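Below is target06.txt, holding compact mmCIF, C-alpha atoms.
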```txt
# COMPACT_ATOMS: atom_id res chain seq x y z
CA MET A 820 15.12 -50.44 11.73
CA ARG A 821 12.32 -50.48 9.33
CA PHE A 822 12.63 -49.04 5.90
CA PHE A 823 9.92 -48.45 3.47
CA ALA A 824 9.60 -46.34 0.47
CA LEU A 825 6.61 -44.29 -0.30
CA ALA A 826 6.08 -42.50 -3.53
CA VAL A 827 3.08 -40.41 -4.09
CA ALA A 828 2.15 -38.70 -7.29
CA ILE A 829 -0.67 -36.29 -7.22
CA VAL A 830 -2.31 -34.80 -10.16
CA ALA A 831 -4.62 -31.95 -9.34
CA ALA A 832 -6.72 -31.32 -12.37
CA VAL A 833 -8.58 -28.16 -11.65
CA GLY A 834 -10.78 -26.57 -14.21
CA ALA A 835 -13.84 -25.47 -12.38
CA LEU A 836 -14.58 -22.82 -9.85
CA GLU A 837 -15.39 -25.27 -7.21
CA LEU A 838 -14.74 -28.90 -6.78
CA ALA A 839 -15.97 -30.77 -3.83
CA ALA A 840 -14.96 -34.10 -2.58
CA ALA A 841 -13.53 -35.65 0.50
CA ALA A 842 -10.68 -38.02 0.16
CA ALA A 843 -9.15 -40.59 2.37
CA LEU A 844 -7.08 -42.89 0.36
CA PRO A 845 -5.46 -45.79 2.12
CA ILE A 846 -2.11 -46.42 0.55
CA PRO A 847 -0.68 -49.86 0.87
CA ALA A 848 3.05 -49.79 1.21
CA THR A 849 5.08 -50.18 -1.93
CA ARG A 850 2.11 -49.16 -3.99
CA LEU A 851 1.27 -45.89 -5.53
CA ALA A 852 -2.07 -44.29 -4.99
CA GLY A 853 -3.24 -41.22 -6.75
CA GLY A 854 -6.41 -39.28 -6.83
CA THR A 855 -7.92 -35.91 -7.12
CA ALA A 856 -9.63 -34.09 -4.40
CA ALA A 857 -10.64 -30.56 -3.84
CA VAL A 858 -12.25 -28.44 -1.25
CA ASN A 859 -14.83 -25.73 -1.42
CA ALA A 860 -14.03 -22.09 -1.83
CA CYS A 861 -15.04 -19.87 1.04
CA ASP A 862 -15.42 -16.94 -1.33
CA THR A 863 -16.14 -16.86 -5.03
CA ASP A 864 -16.53 -13.21 -5.92
CA GLY A 865 -13.05 -11.93 -5.32
CA PHE A 866 -11.09 -9.98 -2.76
CA THR A 867 -10.03 -6.37 -2.65
CA PHE A 868 -6.51 -5.24 -1.90
CA ARG A 869 -5.24 -2.09 -0.21
CA HIS A 870 -1.60 -1.34 0.32
CA ALA A 871 0.17 0.71 2.95
CA ALA A 872 3.62 2.15 2.43
CA ASP A 873 6.20 3.68 4.71
CA THR A 874 8.07 6.90 4.05
CA ASN A 875 10.76 4.93 2.23
CA GLY A 876 8.26 3.70 -0.32
CA ARG A 877 8.18 0.16 1.02
CA ILE A 878 4.94 -1.76 1.27
CA THR A 879 4.47 -2.57 4.91
CA SER A 880 1.08 -4.24 4.84
CA VAL A 881 -1.71 -5.38 2.61
CA THR A 882 -5.32 -5.21 3.65
CA VAL A 883 -7.48 -7.85 2.03
CA GLY A 884 -11.17 -7.10 2.00
CA SER A 885 -14.48 -8.36 0.65
CA MET A 886 -13.84 -11.81 2.05
CA ALA A 887 -17.01 -13.77 2.62
CA SER A 888 -18.05 -14.60 6.13
CA THR A 889 -17.51 -18.26 5.33
CA CYS A 890 -13.77 -17.54 5.35
CA ALA A 891 -13.93 -16.87 9.09
CA GLY A 892 -11.58 -19.02 11.07
CA GLY A 893 -9.25 -19.53 8.15
CA THR A 894 -5.70 -18.50 7.58
CA LEU A 895 -4.95 -15.71 5.11
CA ARG A 896 -1.64 -15.78 3.31
CA VAL A 897 -0.55 -12.87 1.15
CA THR A 898 2.42 -12.81 -1.16
CA LEU A 899 3.77 -9.83 -3.04
CA ALA A 900 5.61 -10.73 -6.19
CA ASN A 901 7.80 -9.22 -8.82
CA GLY A 902 7.02 -11.37 -11.80
CA THR A 903 7.29 -14.88 -10.46
CA THR A 904 9.58 -13.96 -7.59
CA SER A 905 8.18 -13.50 -4.12
CA VAL A 906 9.37 -10.21 -2.64
CA GLY A 907 7.29 -10.16 0.53
CA SER A 908 4.74 -12.24 2.33
CA GLY A 909 2.72 -12.50 5.48
CA THR A 910 0.03 -14.45 7.26
CA ALA A 911 -2.97 -13.52 9.35
CA ALA A 912 -5.47 -15.63 11.21
CA LEU A 913 -9.05 -14.75 10.40
CA PRO A 914 -11.10 -14.75 13.59
CA SER A 915 -13.87 -17.28 13.91
CA VAL A 916 -15.98 -14.80 15.81
CA GLY A 917 -16.40 -11.20 14.80
CA PHE A 918 -14.84 -11.59 11.39
CA THR A 919 -15.50 -8.41 9.39
CA GLY A 920 -14.47 -9.67 5.98
CA SER A 921 -11.24 -7.73 6.07
CA ALA A 922 -7.79 -8.42 7.45
CA THR A 923 -4.45 -6.68 7.32
CA VAL A 924 -1.32 -8.69 6.78
CA SER A 925 2.09 -7.29 7.63
CA MET A 926 4.70 -7.93 4.99
CA SER A 927 8.13 -9.39 5.59
CA PRO A 928 10.35 -8.34 4.07
CA THR A 929 8.87 -5.02 3.04
CA PRO A 930 9.47 -4.62 -0.69
CA LEU A 931 9.82 -1.35 -2.51
CA SER A 932 6.48 -0.51 -4.05
CA SER A 933 8.18 -0.04 -7.39
CA GLY A 934 9.21 -3.69 -7.32
CA VAL A 935 5.78 -5.23 -6.91
CA THR A 936 3.85 -6.43 -9.93
CA ALA A 937 1.32 -8.75 -8.33
CA VAL A 938 -0.30 -9.66 -5.08
CA TYR A 939 -1.58 -13.13 -4.30
CA ALA A 940 -3.87 -14.12 -1.49
CA VAL A 941 -4.93 -17.53 -0.31
CA VAL A 942 -7.38 -18.35 2.44
CA GLU A 943 -7.11 -21.82 3.84
CA GLY A 944 -9.92 -23.13 5.92
CA PRO A 945 -9.47 -24.62 9.31
CA MET B 791 2.83 -35.45 8.84
CA VAL B 792 3.81 -33.92 5.58
CA SER B 793 1.80 -31.14 4.04
CA ALA B 794 2.10 -30.12 0.46
CA PHE B 795 0.55 -27.16 -1.25
CA ILE B 796 -0.30 -28.63 -4.56
CA GLY B 797 -1.41 -25.80 -6.72
CA ALA B 798 -3.10 -22.51 -7.06
CA GLY B 799 -4.36 -20.69 -10.08
CA PHE B 800 -5.46 -17.14 -10.38
CA THR B 801 -7.39 -14.83 -12.59
CA HIS B 802 -7.00 -11.18 -13.35
CA GLY B 803 -8.89 -8.43 -11.66
CA GLY B 804 -8.91 -9.83 -8.21
CA ARG B 805 -11.57 -12.43 -8.83
CA ALA B 806 -11.14 -15.44 -6.73
CA VAL B 807 -11.04 -18.84 -8.20
CA LEU B 808 -10.65 -22.03 -6.33
CA LEU B 809 -7.82 -23.84 -7.93
CA ALA B 810 -5.96 -25.47 -5.19
CA ALA B 811 -5.78 -28.43 -2.95
CA LEU B 812 -3.97 -28.81 0.28
CA ILE B 813 -2.95 -32.34 0.76
CA SER B 814 -1.82 -33.84 3.97
CA LEU B 815 0.10 -36.97 3.68
CA MET B 816 -0.01 -38.80 6.91
CA THR B 817 1.91 -41.90 7.53
CA SER B 818 0.94 -44.04 10.42
CA GLY B 819 4.41 -45.22 11.22
CA VAL B 820 2.97 -48.54 12.08
CA GLY B 821 3.31 -51.34 9.69
CA ASN B 822 3.44 -50.17 6.16
CA ALA B 823 0.23 -48.28 5.56
CA ALA B 824 -0.29 -44.64 4.79
CA THR B 825 -3.32 -42.44 4.38
CA LEU B 826 -3.70 -39.57 2.04
CA GLY B 827 -6.32 -37.03 3.03
CA ILE B 828 -7.54 -33.50 2.60
CA SER B 829 -6.91 -31.38 5.68
CA SER B 830 -8.61 -28.13 4.76
CA ALA B 831 -12.27 -27.33 4.92
CA TYR B 832 -11.89 -24.78 2.16
CA LEU B 833 -9.30 -23.04 0.09
CA THR B 834 -9.67 -19.86 -1.90
CA ALA B 835 -7.17 -17.96 -3.94
CA ALA B 836 -7.20 -14.52 -5.48
CA THR B 837 -4.73 -12.40 -7.28
CA ARG B 838 -4.18 -8.87 -8.50
CA LEU B 839 -1.79 -8.37 -11.35
CA TYR B 840 -0.53 -4.87 -11.99
CA GLY B 841 0.15 -3.28 -15.34
CA ALA B 842 2.73 -0.83 -16.53
CA PRO B 843 3.45 2.23 -14.38
CA VAL B 844 1.39 5.32 -15.06
CA MET B 845 2.62 8.81 -14.28
CA CYS B 846 0.22 11.54 -13.29
CA THR B 847 1.30 15.14 -12.84
CA LEU B 848 -1.07 17.37 -10.91
CA THR B 849 -0.94 21.09 -10.34
CA ALA B 850 -2.05 22.38 -6.98
CA VAL B 851 -5.73 23.14 -6.60
CA ALA B 852 -5.20 25.13 -3.40
CA ASP B 853 -2.23 26.68 -1.65
CA SER B 854 -1.46 29.36 0.86
CA TYR B 855 0.90 30.20 3.66
CA VAL B 856 0.39 31.42 7.19
CA ASP B 857 2.38 33.88 9.28
CA SER B 858 2.50 33.98 13.07
CA THR B 859 2.88 37.77 13.16
CA LEU B 860 -0.13 38.23 10.92
CA ALA B 861 -2.07 35.54 12.60
CA THR B 862 -5.45 36.40 11.12
CA THR B 863 -4.29 37.22 7.61
CA ASN B 864 -4.85 34.88 4.69
CA PHE B 865 -2.36 34.78 1.81
CA GLY B 866 -4.20 32.34 -0.44
CA THR B 867 -4.33 34.56 -3.49
CA GLY B 868 -0.67 35.57 -3.42
CA GLY B 869 1.90 34.51 -5.93
CA VAL B 870 4.31 32.98 -3.44
CA LEU B 871 4.40 30.49 -0.59
CA ASN B 872 6.65 31.72 2.19
CA LEU B 873 8.41 29.66 4.81
CA ASN B 874 10.33 31.16 7.66
CA PRO B 875 11.70 29.57 10.82
CA SER B 876 11.95 32.90 12.65
CA SER B 877 10.36 33.02 16.06
CA VAL B 878 9.18 36.55 15.34
CA GLY B 879 7.46 35.65 12.12
CA THR B 880 7.14 31.93 11.61
CA GLU B 881 5.72 31.06 8.22
CA ARG B 882 4.38 27.74 6.95
CA ALA B 883 2.91 26.77 3.61
CA PHE B 884 -0.02 24.56 2.70
CA VAL B 885 -0.68 22.94 -0.63
CA ARG B 886 -3.31 20.52 -1.85
CA PHE B 887 -3.80 18.47 -5.03
CA ASP B 888 -6.78 16.68 -6.51
CA LEU B 889 -5.79 13.06 -6.91
CA THR B 890 -9.10 12.29 -8.59
CA ALA B 891 -7.96 14.40 -11.51
CA CYS B 892 -5.47 11.75 -12.62
CA SER B 893 -6.47 10.09 -15.84
CA PRO B 894 -6.90 7.21 -15.79
CA ALA B 895 -8.19 7.48 -12.25
CA ILE B 896 -6.06 5.93 -9.54
CA PRO B 897 -7.99 2.94 -8.20
CA ALA B 898 -8.04 2.25 -4.50
CA ASP B 899 -6.06 -0.93 -4.95
CA ALA B 900 -3.29 0.77 -6.90
CA ILE B 901 0.27 0.64 -5.71
CA VAL B 902 1.81 4.08 -5.56
CA GLN B 903 5.38 3.62 -6.64
CA THR B 904 6.50 7.18 -6.15
CA ALA B 905 4.88 10.47 -5.27
CA GLN B 906 6.77 13.73 -5.21
CA VAL B 907 5.68 17.19 -4.20
CA ARG B 908 7.61 19.71 -6.26
CA LEU B 909 7.91 23.39 -5.49
CA THR B 910 9.84 25.94 -7.48
CA VAL B 911 12.04 28.45 -5.69
CA ALA B 912 10.69 31.96 -6.31
CA SER B 913 13.73 34.00 -5.28
CA LEU B 914 17.37 33.49 -4.34
CA VAL B 915 17.78 31.17 -1.36
CA LEU B 916 19.57 33.08 1.43
CA ALA B 917 20.19 30.28 3.90
CA THR B 918 20.59 26.55 3.80
CA ARG B 919 17.62 24.96 5.47
CA THR B 920 15.77 21.69 5.78
CA ILE B 921 12.09 21.83 4.97
CA ASP B 922 9.73 19.16 6.26
CA LEU B 923 6.61 17.92 4.54
CA ARG B 924 3.76 16.79 6.75
CA ARG B 925 0.17 15.73 6.29
CA PRO B 926 -2.50 18.02 7.77
CA VAL B 927 -5.08 16.08 9.70
CA THR B 928 -7.99 18.46 9.26
CA SER B 929 -9.30 20.53 6.42
CA TRP B 930 -8.27 24.02 5.37
CA THR B 931 -9.20 26.33 2.54
CA GLU B 932 -7.03 28.41 0.31
CA VAL B 933 -8.82 31.67 1.06
CA GLY B 934 -9.53 30.92 4.69
CA VAL B 935 -6.46 29.45 6.34
CA THR B 936 -4.52 31.71 8.68
CA TRP B 937 -1.97 31.14 11.41
CA ASN B 938 -4.77 31.00 13.93
CA THR B 939 -6.91 28.59 11.93
CA GLN B 940 -4.21 26.38 10.42
CA PRO B 941 -4.85 22.66 10.71
CA ALA B 942 -2.76 20.45 12.92
CA ALA B 943 -0.33 18.21 11.12
CA ALA B 944 0.60 14.59 11.53
CA GLY B 945 3.30 14.04 14.08
CA SER B 946 5.59 12.22 11.75
CA VAL B 947 7.38 13.88 8.90
CA THR B 948 6.42 12.53 5.49
CA GLY B 949 9.57 13.72 3.79
CA SER B 950 12.30 16.30 4.05
CA ALA B 951 14.31 18.25 1.54
CA SER B 952 17.16 20.67 1.76
CA VAL B 953 17.46 24.05 0.16
CA THR B 954 20.91 25.48 -0.17
CA ALA B 955 22.02 29.07 0.15
CA GLY B 956 22.62 30.48 -3.29
CA GLN B 957 20.07 28.37 -5.11
CA ALA B 958 18.46 30.53 -7.73
CA ALA B 959 14.87 31.25 -8.56
CA GLY B 960 13.52 28.47 -10.71
CA THR B 961 15.23 25.69 -8.79
CA VAL B 962 12.82 22.83 -8.22
CA ILE B 963 12.80 21.24 -4.77
CA SER B 964 11.16 17.81 -4.32
CA TRP B 965 9.76 16.00 -1.34
CA THR B 966 8.89 12.33 -1.33
CA ALA B 967 5.28 11.80 -0.32
CA THR B 968 4.74 8.21 -1.39
CA SER B 969 3.43 6.97 1.93
CA ASP B 970 0.87 9.74 2.27
CA VAL B 971 -0.36 9.48 -1.29
CA GLN B 972 -0.70 5.74 -0.89
CA SER B 973 -2.84 6.32 2.18
CA PHE B 974 -4.91 8.91 0.31
CA VAL B 975 -5.51 6.46 -2.52
CA THR B 976 -6.67 3.72 -0.18
CA ALA B 977 -8.62 6.20 1.94
CA ALA B 978 -6.64 5.14 4.98
CA ALA B 979 -6.12 8.86 5.50
CA THR B 980 -8.13 11.82 4.29
CA ASP B 981 -6.43 13.95 1.69
CA PHE B 982 -5.98 17.39 3.19
CA GLY B 983 -2.86 17.99 1.16
CA PHE B 984 0.47 18.87 2.70
CA ARG B 985 2.07 21.33 5.07
CA LEU B 986 5.60 22.55 4.61
CA ASN B 987 7.57 24.06 7.43
CA ASP B 988 11.16 24.64 8.43
CA SER B 989 12.48 21.65 10.35
CA ALA B 990 13.89 23.94 13.04
CA GLU B 991 11.41 26.68 13.71
CA GLY B 992 12.47 29.30 16.24
CA GLY B 993 15.35 31.72 16.53
CA LEU B 994 16.33 33.73 13.51
CA GLY B 995 15.80 32.98 9.89
CA PHE B 996 15.31 34.16 6.38
CA VAL B 997 12.19 33.94 4.30
CA LEU B 998 12.22 31.14 1.76
CA SER B 999 9.76 31.72 -1.08
CA PHE B 1000 8.30 29.24 -3.53
CA ASN B 1001 5.97 29.91 -6.42
CA SER B 1002 2.32 29.40 -5.62
CA ARG B 1003 -0.31 28.16 -8.03
CA GLU B 1004 -1.10 31.77 -8.84
CA ALA B 1005 2.38 32.26 -10.27
CA ALA B 1006 2.85 32.46 -14.02
CA SER B 1007 5.07 29.39 -14.05
CA GLY B 1008 6.70 26.88 -11.75
CA ARG B 1009 3.50 26.10 -9.91
CA PRO B 1010 3.41 23.45 -7.20
CA GLN B 1011 3.09 19.97 -8.59
CA LEU B 1012 2.45 16.47 -7.33
CA VAL B 1013 3.93 13.79 -9.56
CA VAL B 1014 2.54 10.33 -8.89
CA THR B 1015 3.67 7.11 -10.48
CA TYR B 1016 1.41 4.16 -9.82
CA VAL B 1017 0.47 0.74 -11.10
CA SER B 1018 -3.05 -0.56 -11.28
```

Mind turning the file's structure into structure tokens?
Amino acid sequence: MRFFALAVAIVAAVGALELAAAAALPIPATRLAGGTAAVNACDTDGFTFRHAADTNGRITSVTVGSMASTCAGGTLRVTLANGTTSVGSGTAALPSVGFTGSATVSMSPTPLSSGVTAVYAVVEGP
Amino acid sequence: MVSAFIGAGFTHGGRAVLLAALISLMTSGVGNAATLGISSAYLTAATRLYGAPVMCTLTAVADSYVDSTLATTNFGTGGVLNLNPSSVGTERAFVRFDLTACSPAIPADAIVQTAQVRLTVASLVLATRTIDLRRPVTSWTEVGVTWNTQPAAAGSVTGSASVTAGQAAGTVISWTATSDVQSFVTAAATDFGFRLNDSAEGGLGFVLSFNSREAASGRPQLVVTYVS
């Protein structure tokens, strides 16, 4: 059996709207390699959010709009939070073809609307 | 393969800022080499932070009731809203509010925490009943709606409330309408107000009267609490 230890420390220093670089860092065993790398944003002017609630006052879905066409093909993740605590989340695949700039994500679990103080959305490219 | 979401930062107001990196750590499993690489073509994050709840109380801007035995008569200027389950004189009420009158205005991305339609009993309740609140799906006018012209209502009940025999005039009855108001705010549904009807129309029944917006007091209200 082969054992080896690998420790990786990553410092992501992000202070600009967009950082662009590709990274492929060979890591020799028993050594530590660190670096910064970032990817482009597919949208830089913000998203819109629309909520839907059921008759019990629970948020069942969030529609994210105003996404740029360059986000097509990505994965949209939405999290509803109460403070720093996630109270609901969901994921939707953004179609590569026919993307309208809007997508609705079903929430699970469905939090009471009175317990939501923030909504976060992330689009990750393919 | 191990994937790690390294970080994401956000700004207020829904503006997106790229502040994240998705790192895939891939180990070859052969020898003792490993490669660290970026697996995503792009990554974008956005956030919407909500402030303190705001309460908005609206008085009806239109209301009326309709009667199956007076199928072409409009009651929009009357002082009461009648409901009756009777098969020989079914009565339903309609009420509408102007959500744009809330100040500050309710933005489309607001979260409606609660919304309640409140009607005030106009005269002694003679029978215990359940009254359903529904969303009309087409328009109606206060001085035009009649039994024959009443709009259809959504199939699902938005909320129900019970009135109890013996309840006195002045008693306030509330229906939860959070889901409908949320859909009005986002424009997922058009705001044609609400319809109220007995949950078991048919057979015999007593008239149940609520104050209309023409009454001196106890007018229909919509109380909305939202965050934006």

Please compute the CA of Val856 in chain B-CA of Val971 in chain B distance, one decimal, in Å.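 These two atoms are separated by 23.5 Å.
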
Report, in Å to a single decimal, how far apart CA of Ala895 in chain B and CA of Val938 in chain A are. 20.2 Å

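Using all atoms listed in the file, the shortest contact distance between chain A and any of B:Leu848, B:Val911, B:Leu839, B:Ile896 is found at B:Leu839.
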
Could you list as a list in words every residue that has an atom within 10 Å of (4.6, -1.8, 4.0), using the file's coordinates and counting all atoms listed in the file?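 Returned residue set, sorted by chain then number, is His870, Ala871, Ala872, Asp873, Thr874, Asn875, Gly876, Arg877, Ile878, Thr879, Ser880, Val881, Gly907, Val924, Ser925, Met926, Ser927, Pro928, Thr929, Pro930, Leu931 and Ser932 of chain A; Ser969 of chain B.
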
What's the 10 Å shell around Phe982 in chain B, counting all atoms listed in the file, without same-chain residues fewer than 3 positions away, as a PyMOL selection string? chain B and resi 884-888+925-931+941+943+974+979+985

Residues near range 869-876 of chain B, cut-off 12 Å, only C-alpha atoms, skip fewer than 4 positions along chain, as a ChimeraX atom specification: /B:852-859,864-865,880-885,909-913,915-923,932,953,959,985-1010

If you measure from CA of Ser950 in chain B to CA of Ala977 in chain B, what distance in Å do you get, rounded to one decimal? 23.3 Å

Under the rule that all atoms listed in the file are counted, which of A:Ala860, A:Ala887, A:Val935, A:Leu899 is the nearest residue to chain B?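 Checking each candidate against chain B, we get A:Ala860 as the closest.
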
Which of these, B:Thr890, B:Thr849, B:Ser830, B:Thr936, has the shortest distance to chain A once you count only C-alpha atoms?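 Comparing B:Thr890, B:Thr849, B:Ser830, B:Thr936 against chain A, the winner is B:Ser830.
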
Using 8 Å of padding on each side, determine the axis-aligned box around all atoms of range 829-847 of chain B present in the file and give its centre and edge lengths in Å to one decimal, as AutoDock Vina command-line options.
```
--center_x -4.4 --center_y -8.1 --center_z -5.4 --size_x 31.7 --size_y 62.5 --size_z 38.2
```

Nearest to chain B among A:Ser921, A:Leu913, A:Thr894, A:Ser888, with distances taken over all atoms listed in the file: which residue is it?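 Of all the options, A:Thr894 lies closest to chain B.
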